[in-house]
Amino acid sequence: MFHDWGRFGDKPRDKSWYDTAQVCINGHLINEMSVSSPDHNRPFCPKCGCQTITKCVDCQTDIPGFYHVSGVFVGGPPEPPPAFCGNCGHAFPWTERRLTAARAMTEDLDRLTEEERRELQETIEDLVRDTPMTQVSAGRFQEARREGWNWCRERAAGHLSGRYERHCKESAHRHVRS
Ligand SMILES: [Zn+2]
Ligand SMILES: [Zn+2]
């Protein structure tokens with residue numbers, strides 16, 4: 001299905017609407033207003049040199065970007081690109097790449113038992129998916145102090161970048177408050 005979010009020229013100025021985000025396949029946000037400010041669009045990412053996209057590669061729905069509210073300028077830092085397509089539910093390429101990298105990393109850990117490996121993989125899936133289990137998983141990562149787990153936690157944090165760190169910070173705040 002195709003959302004008619006694009007076509008800036010057709011947009012009535014008195015309506016709120018989603019711009020389209022341009023994101024590189026590694027998840028770097030290039031332009032959260034690729035429709036209204038196309039000057040900032042780039043075919044390749046200045047950070048990693050990879051190709052950029054504005055649509056879900058599976059269903060061709062535009063990647064939602066900045067939400068224009070009529071008559072209001074909303075400032076603040078840009079939202080990170082979504083992990084999954086809101087139309088077809090498939091993982092965006094950056095999510096797929098993070099999952100693949102994190103899964104490969106757990107395969108390399110000889111020190112883990114099969115059960116630990118499976119648990120770590122499930123933890124990684126939860127961290128990426130932002131399910132109710134995400135907070136639990138972030139806590140599980142944080143509290144894992146056994147031999148080997150510190151090392152793999154750091155490696156996984158590298159692969160999962162901001163999301164993992166944010167959840168850890170949030171749960172750390174909660175621990176401080178409670
Ligand atoms: Zn990039
Ligand atoms: Zn899609």
# chains A, B, ... in the order shown; residues from 1 in each chain; ligands from 1
$ residues_near_ligand --ligand "ligand 2" --cutoff "9 Å" --atoms "only C-alpha atoms and all ligand atoms" --output "PyMOL selection string"
chain A and resi 1+55-63+84-92
$ write_last_selection --atoms "N, CA and C atoms" --output "compact mmCIF listing (two decimals), in the first residue's frame"
# COMPACT_ATOMS: atom_id res chain seq x y z
N MET A 1 0.84 -1.20 0.00
CA MET A 1 0.00 0.00 0.00
C MET A 1 0.87 1.25 0.00
N LYS A 55 12.40 4.98 1.20
CA LYS A 55 11.23 4.10 1.23
C LYS A 55 11.61 2.74 1.81
N CYS A 56 10.61 2.05 2.34
CA CYS A 56 10.79 0.66 2.76
C CYS A 56 11.16 -0.16 1.53
N VAL A 57 12.22 -0.96 1.62
CA VAL A 57 12.64 -1.72 0.45
C VAL A 57 11.66 -2.86 0.15
N ASP A 58 10.83 -3.23 1.12
CA ASP A 58 9.88 -4.32 0.91
C ASP A 58 8.57 -3.83 0.32
N CYS A 59 7.99 -2.77 0.86
CA CYS A 59 6.66 -2.36 0.40
C CYS A 59 6.63 -0.97 -0.23
N GLN A 60 7.80 -0.32 -0.29
CA GLN A 60 7.92 0.98 -0.96
C GLN A 60 7.16 2.11 -0.25
N THR A 61 6.76 1.91 0.98
CA THR A 61 6.13 3.00 1.74
C THR A 61 7.22 3.98 2.18
N ASP A 62 6.89 5.27 2.12
CA ASP A 62 7.86 6.29 2.56
C ASP A 62 8.23 6.09 4.03
N ILE A 63 9.50 6.33 4.36
CA ILE A 63 9.94 6.27 5.75
C ILE A 63 9.48 7.56 6.43
N PHE A 84 11.47 -0.55 12.34
CA PHE A 84 10.67 -1.42 11.49
C PHE A 84 9.70 -0.58 10.66
N CYS A 85 9.29 -1.09 9.49
CA CYS A 85 8.33 -0.39 8.66
C CYS A 85 6.95 -0.46 9.31
N GLY A 86 6.30 0.70 9.45
CA GLY A 86 4.99 0.74 10.06
C GLY A 86 3.90 0.23 9.16
N ASN A 87 4.22 -0.02 7.90
CA ASN A 87 3.20 -0.51 6.96
C ASN A 87 3.25 -2.02 6.79
N CYS A 88 4.45 -2.58 6.60
CA CYS A 88 4.53 -4.03 6.35
C CYS A 88 5.21 -4.77 7.50
N GLY A 89 5.80 -4.04 8.45
CA GLY A 89 6.39 -4.70 9.62
C GLY A 89 7.77 -5.28 9.41
N HIS A 90 8.32 -5.13 8.20
CA HIS A 90 9.67 -5.67 7.97
C HIS A 90 10.72 -4.76 8.61
N ALA A 91 11.84 -5.38 8.99
CA ALA A 91 12.95 -4.61 9.56
C ALA A 91 13.57 -3.75 8.47
N PHE A 92 13.88 -2.52 8.79
CA PHE A 92 14.63 -1.68 7.85
C PHE A 92 16.05 -2.23 7.75
$ select_by_dssp --residues "range 38-70 of chain A" --states "strand (DSSP E or B)" --output "list in words"
Phe44, Gln51, Thr52, Ile53, Lys55, Asp62, Pro64, Gly65, Phe66, Tyr67, His68 and Val69 of chain A
$ write_last_selection --atoms "C-alpha atoms" --output "mmCIF file, in the first residue's frame"
data_model
loop_
_atom_site.group_PDB
_atom_site.id
_atom_site.type_symbol
_atom_site.label_atom_id
_atom_site.label_comp_id
_atom_site.auth_asym_id
_atom_site.auth_seq_id
_atom_site.Cartn_x
_atom_site.Cartn_y
_atom_site.Cartn_z
ATOM 1 C CA PHE A 44 25.254 8.422 -0.272
ATOM 2 C CA GLN A 51 23.527 4.174 -0.144
ATOM 3 C CA THR A 52 20.575 6.157 1.221
ATOM 4 C CA ILE A 53 16.869 5.268 1.004
ATOM 5 C CA LYS A 55 11.228 4.097 1.231
ATOM 6 C CA ASP A 62 7.859 6.289 2.559
ATOM 7 C CA PRO A 64 8.155 8.698 8.081
ATOM 8 C CA GLY A 65 10.273 11.720 8.970
ATOM 9 C CA PHE A 66 9.591 15.100 10.524
ATOM 10 C CA TYR A 67 5.965 15.678 11.542
ATOM 11 C CA HIS A 68 4.916 19.107 10.332
ATOM 12 C CA VAL A 69 2.235 20.583 12.582
#
$ residues_around --residues "Cys50 in chain A" --least-positions-apart "4" --cutoff "9 Å" --atoms "only C-alpha atoms" --output "list in words"
Cys24, Ile25, Asn26, Pro43, Phe44, Cys45 and Pro46 of chain A
$ select_by_dssp --residues "range 49-146 of chain A" --states "helix (DSSP H, G or I)" --output "number ranges by chain"
A: 93-107, 114-129, 133-143
$ closest_residue --among "A:Leu127, A:Met105, A:Met33, A:Cys48" --to "ligand 1" --atoms "only C-alpha atoms and all ligand atoms"
A:Cys48
$ residues_around --residues "His40 in chain A" --least-positions-apart "3" --cutoff "8 Å" --atoms "only C-alpha atoms" --output "ChimeraX atom specification"
/A:30-31,34,37
$ atom_distance --atom1 "CA of Arg42 in chain A" --atom2 "CA of Ser70 in chain A"
26.9 Å
$ closest_residue --among "A:Lys15, A:Pro132, A:Glu96, A:Gly27" --to "ligand 1" --atoms "only C-alpha atoms and all ligand atoms"
A:Gly27
$ atom_distance --atom1 "CA of Thr20 in chain A" --atom2 "CA of Glu79 in chain A"
12.4 Å
$ closest_residue --among "A:Ala101, A:Leu120, A:Leu29, A:Leu112" --to "ligand 1" --atoms "only C-alpha atoms and all ligand atoms"
A:Leu29
$ closest_residue --among "A:Pro81, A:Glu119, A:Gly75, A:Pro38" --to "ligand 1" --atoms "only C-alpha atoms and all ligand atoms"
A:Pro81
$ closest_residue --among "A:Phe73, A:Trp17, A:Trp94, A:Asn41" --to "ligand 1" --atoms "only C-alpha atoms and all ligand atoms"
A:Trp94
$ atom_distance --atom1 "CA of Thr123 in chain A" --atom2 "CA of Pro80 in chain A"
21.1 Å
